>>> print(open('run-v3.cif').read())   # mmCIF, C-alpha atoms
data_query
#
loop_
_atom_site.group_PDB
_atom_site.id
_atom_site.type_symbol
_atom_site.label_atom_id
_atom_site.label_comp_id
_atom_site.auth_asym_id
_atom_site.auth_seq_id
_atom_site.Cartn_x
_atom_site.Cartn_y
_atom_site.Cartn_z
ATOM 1 C CA MET A 30 51.638 -26.297 -11.123
ATOM 2 C CA SER A 31 49.779 -28.862 -13.164
ATOM 3 C CA ALA A 32 49.284 -32.601 -13.078
ATOM 4 C CA GLN A 33 49.388 -34.880 -16.096
ATOM 5 C CA GLN A 34 47.686 -38.212 -16.620
ATOM 6 C CA TYR A 35 48.031 -40.570 -19.556
ATOM 7 C CA ASP A 36 45.386 -42.772 -21.126
ATOM 8 C CA THR A 37 46.871 -45.410 -23.441
ATOM 9 C CA LEU A 38 44.838 -46.806 -26.311
ATOM 10 C CA ARG A 39 45.483 -49.403 -28.996
ATOM 11 C CA CYS A 40 43.950 -49.577 -32.442
ATOM 12 C CA ILE A 41 44.349 -51.048 -35.888
ATOM 13 C CA VAL A 42 44.880 -48.472 -38.637
ATOM 14 C CA ASP A 43 43.174 -49.798 -41.760
ATOM 15 C CA ARG A 44 44.256 -49.406 -45.384
ATOM 16 C CA ASP A 45 42.447 -46.042 -45.565
ATOM 17 C CA GLY A 46 44.160 -44.645 -42.459
ATOM 18 C CA VAL A 47 41.055 -45.026 -40.294
ATOM 19 C CA PRO A 48 41.533 -46.325 -36.725
ATOM 20 C CA THR A 49 39.494 -49.472 -36.031
ATOM 21 C CA ARG A 50 39.219 -51.999 -33.187
ATOM 22 C CA LEU A 51 39.902 -49.356 -30.558
ATOM 23 C CA GLU A 52 40.647 -50.489 -27.024
ATOM 24 C CA ILE A 53 41.907 -48.968 -23.795
ATOM 25 C CA ILE A 54 45.079 -50.690 -22.607
ATOM 26 C CA LYS A 55 45.917 -48.349 -19.705
ATOM 27 C CA PRO A 56 42.698 -46.792 -18.380
ATOM 28 C CA LEU A 57 42.355 -43.646 -16.292
ATOM 29 C CA ASP A 58 38.714 -43.264 -15.430
ATOM 30 C CA GLU A 59 35.452 -43.824 -17.251
ATOM 31 C CA GLU A 60 34.979 -40.247 -18.491
ATOM 32 C CA LEU A 61 38.563 -39.699 -19.687
ATOM 33 C CA ASP A 62 38.561 -43.118 -21.352
ATOM 34 C CA ARG A 63 35.380 -42.193 -23.228
ATOM 35 C CA ILE A 64 36.849 -38.838 -24.307
ATOM 36 C CA SER A 65 40.031 -40.567 -25.508
ATOM 37 C CA LEU A 66 38.104 -43.123 -27.561
ATOM 38 C CA GLU A 67 35.892 -40.455 -29.137
ATOM 39 C CA ALA A 68 38.933 -38.364 -30.081
ATOM 40 C CA LEU A 69 40.837 -41.304 -31.564
ATOM 41 C CA LYS A 70 37.817 -42.291 -33.680
ATOM 42 C CA ARG A 71 38.114 -38.914 -35.452
ATOM 43 C CA TRP A 72 41.837 -39.163 -36.191
ATOM 44 C CA ARG A 73 43.189 -40.184 -39.586
ATOM 45 C CA PHE A 74 46.605 -41.696 -40.200
ATOM 46 C CA GLU A 75 48.933 -42.263 -43.103
ATOM 47 C CA PRO A 76 48.110 -45.879 -44.056
ATOM 48 C CA GLY A 77 50.826 -48.461 -43.565
ATOM 49 C CA GLN A 78 52.449 -49.942 -46.651
ATOM 50 C CA LYS A 79 54.482 -53.000 -47.446
ATOM 51 C CA ASP A 80 55.864 -53.565 -50.933
ATOM 52 C CA GLY A 81 53.694 -50.703 -52.191
ATOM 53 C CA GLN A 82 50.483 -52.247 -50.854
ATOM 54 C CA GLY A 83 48.312 -50.927 -48.036
ATOM 55 C CA VAL A 84 48.468 -53.009 -44.866
ATOM 56 C CA LEU A 85 46.812 -53.008 -41.464
ATOM 57 C CA VAL A 86 49.001 -51.600 -38.682
ATOM 58 C CA ARG A 87 48.551 -51.915 -34.915
ATOM 59 C CA ILE A 88 49.545 -48.805 -32.968
ATOM 60 C CA ASP A 89 49.447 -47.628 -29.375
ATOM 61 C CA VAL A 90 48.444 -44.028 -28.694
ATOM 62 C CA ALA A 91 48.998 -42.092 -25.461
ATOM 63 C CA MET A 92 46.483 -39.345 -24.701
ATOM 64 C CA THR A 93 47.748 -36.735 -22.254
ATOM 65 C CA PHE A 94 45.377 -34.923 -19.918
ATOM 66 C CA THR A 95 46.706 -31.939 -17.992
ATOM 67 C CA THR A 96 44.873 -30.528 -15.007
ATOM 68 C CA ARG A 97 45.749 -27.531 -12.918
ATOM 69 C CA THR A 98 46.140 -27.988 -9.226
ATOM 70 C CA LYS A 99 44.455 -25.689 -6.742
ATOM 71 C CA LYS A 100 47.842 -24.153 -5.942
ATOM 72 C CA SER A 101 48.487 -23.150 -9.570
ATOM 73 C CA LEU A 102 44.993 -21.704 -9.913
ATOM 74 C CA TRP A 103 45.489 -19.709 -6.719
ATOM 75 C CA ARG A 104 48.777 -18.249 -8.018
ATOM 76 C CA ARG A 105 47.224 -17.338 -11.348
ATOM 77 C CA PHE A 106 44.305 -15.641 -9.622
ATOM 78 C CA TRP A 107 46.555 -13.489 -7.443
ATOM 79 C CA ARG A 108 48.947 -12.566 -10.255
ATOM 80 C CA GLY A 109 46.083 -11.175 -12.236
#
>>> encode(input="run-v3.cif", output="structure tokens")
Amino acid sequence: MSAQQYDTLRCIVDRDGVPTRLEIIKPLDEELDRISLEALKRWRFEPGQKDGQGVLVRIDVAMTFTTRTKKSLWRRFWRG
């Protein structure tokens, strides 16, 4: 069995597809928030367009973290 947690971030995707103005809008904890921000900084997106011109686009991104519970680790250990 595993548990999932979601960290929700917001950013502006610029005309080059680079996320800017990153912010946490639904935090988890300090370490997972930091990991989420660092990951999102590395992402690249298809730039938004309007009438053939590049535009800034605000998006929300959900980062999913999955952790195994002690029970699932115990089962895996005993199954080999």
>>> residues_around(input="run-v3.cif", residues="range 66-69 of chain A", least_positions_apart="4", cutoff="12 Å", atoms="all atoms listed in the file", output="list in words")
Asp36, Thr37, Leu38, Arg39, Cys40, Ile41, Val42, Gly46, Val47, Pro48, Thr49, Arg50, Leu51, Glu52, Ile53, Ile54, Pro56, Glu59, Glu60, Leu61, Asp62, Arg73, Phe74, Ile88, Asp89, Val90, Ala91, Met92 and Thr93 of chain A
>>> atom_distance(input="run-v3.cif", atom1="CA of Arg87 in chain A", atom2="CA of Leu57 in chain A")
21.3 Å
>>> atom_distance(input="run-v3.cif", atom1="CA of Gln34 in chain A", atom2="CA of Thr96 in chain A")
8.3 Å
>>> resolve_selection(input="run-v3.cif", expression="the PyMOL selection byres ((chain A and resi 95) around 6)", output="PyMOL selection string")
chain A and resi 32-33+94+96
>>> atom_distance(input="run-v3.cif", atom1="CA of Trp72 in chain A", atom2="CA of Tyr35 in chain A")
17.8 Å
>>> residues_around(input="run-v3.cif", residues="Arg44 in chain A", least_positions_apart="2", cutoff="9 Å", atoms="all atoms listed in the file", output="ChimeraX atom specification")
/A:42,46-47,75-78,82-86
>>> axis_aligned_box(input="run-v3.cif", around="range 70-82 of chain A", padding_each_side="8 Å", output="lines of an AutoDock Vina configuration file")
center_x = 46.8
center_y = -46.2
center_z = -42.9
size_x = 34.0
size_y = 30.7
size_z = 34.5
>>> decode(input="run-v3.cif", residues="chain A", atoms="C-alpha atoms", output="short mmCIF file (atom, residue, chain, number, x, y, z; two decimals), in the first residue's frame")
data_model
loop_
_atom_site.label_atom_id
_atom_site.label_comp_id
_atom_site.auth_asym_id
_atom_site.auth_seq_id
_atom_site.Cartn_x
_atom_site.Cartn_y
_atom_site.Cartn_z
CA MET A 30 0.00 0.00 0.00
CA SER A 31 1.23 3.48 -0.74
CA ALA A 32 0.23 7.00 0.18
CA GLN A 33 0.09 9.93 -2.22
CA GLN A 34 0.48 13.61 -1.49
CA TYR A 35 0.08 16.52 -3.88
CA ASP A 36 2.01 19.77 -3.98
CA THR A 37 0.33 22.40 -6.16
CA LEU A 38 2.38 25.12 -7.81
CA ARG A 39 1.56 28.07 -10.04
CA CYS A 40 3.79 29.70 -12.62
CA ILE A 41 3.81 31.93 -15.65
CA VAL A 42 5.07 30.24 -18.82
CA ASP A 43 6.93 32.87 -20.84
CA ARG A 44 7.10 33.26 -24.61
CA ASP A 45 10.03 30.80 -24.73
CA GLY A 46 8.20 28.10 -22.75
CA VAL A 47 10.21 28.74 -19.58
CA PRO A 48 8.32 28.73 -16.25
CA THR A 49 8.74 31.99 -14.32
CA ARG A 50 7.26 33.53 -11.17
CA LEU A 51 6.94 30.15 -9.48
CA GLU A 52 4.89 29.92 -6.30
CA ILE A 53 3.47 27.21 -4.07
CA ILE A 54 -0.31 27.48 -3.81
CA LYS A 55 -0.96 24.25 -1.87
CA PRO A 56 2.12 23.41 0.22
CA LEU A 57 3.05 20.04 1.69
CA ASP A 58 6.18 20.53 3.72
CA GLU A 59 9.34 22.55 3.32
CA GLU A 60 11.46 19.80 1.72
CA LEU A 61 8.82 18.59 -0.76
CA ASP A 62 7.98 22.18 -1.68
CA ARG A 63 11.65 22.84 -2.42
CA ILE A 64 11.92 19.68 -4.53
CA SER A 65 8.78 20.65 -6.47
CA LEU A 66 10.07 24.15 -7.20
CA GLU A 67 13.47 22.85 -8.33
CA ALA A 68 11.83 20.32 -10.66
CA LEU A 69 9.43 22.86 -12.17
CA LYS A 70 12.31 25.28 -12.85
CA ARG A 71 13.81 22.64 -15.19
CA TRP A 72 10.62 21.98 -17.15
CA ARG A 73 9.96 23.50 -20.57
CA PHE A 74 6.54 24.03 -22.08
CA GLU A 75 5.05 24.71 -25.48
CA PRO A 76 4.67 28.51 -25.41
CA GLY A 77 1.16 29.90 -25.47
CA GLN A 78 0.00 31.67 -28.62
CA LYS A 79 -2.74 34.08 -29.53
CA ASP A 80 -3.23 35.20 -33.12
CA GLY A 81 0.12 33.62 -34.00
CA GLN A 82 2.01 35.59 -31.35
CA GLY A 83 3.66 34.21 -28.23
CA VAL A 84 1.87 35.12 -25.00
CA LEU A 85 2.41 34.61 -21.29
CA VAL A 86 0.25 31.86 -19.78
CA ARG A 87 -0.50 31.18 -16.11
CA ILE A 88 -0.73 27.48 -15.24
CA ASP A 89 -1.17 25.39 -12.12
CA VAL A 90 0.89 22.22 -11.78
CA ALA A 91 0.26 19.35 -9.37
CA MET A 92 3.31 17.38 -8.26
CA THR A 93 2.52 13.91 -6.94
CA PHE A 94 4.66 12.29 -4.27
CA THR A 95 4.10 8.61 -3.52
CA THR A 96 5.44 7.00 -0.38
CA ARG A 97 5.23 3.41 0.69
CA THR A 98 3.71 2.62 4.01
CA LYS A 99 5.39 0.30 6.48
CA LYS A 100 2.76 -2.34 5.73
CA SER A 101 3.56 -2.37 1.99
CA LEU A 102 7.29 -2.54 2.67
CA TRP A 103 6.74 -5.44 5.06
CA ARG A 104 4.73 -7.37 2.43
CA ARG A 105 7.36 -6.75 -0.22
CA PHE A 106 10.11 -7.93 2.10
CA TRP A 107 8.34 -11.19 2.91
CA ARG A 108 7.34 -11.92 -0.69
CA GLY A 109 10.94 -11.75 -1.73
#
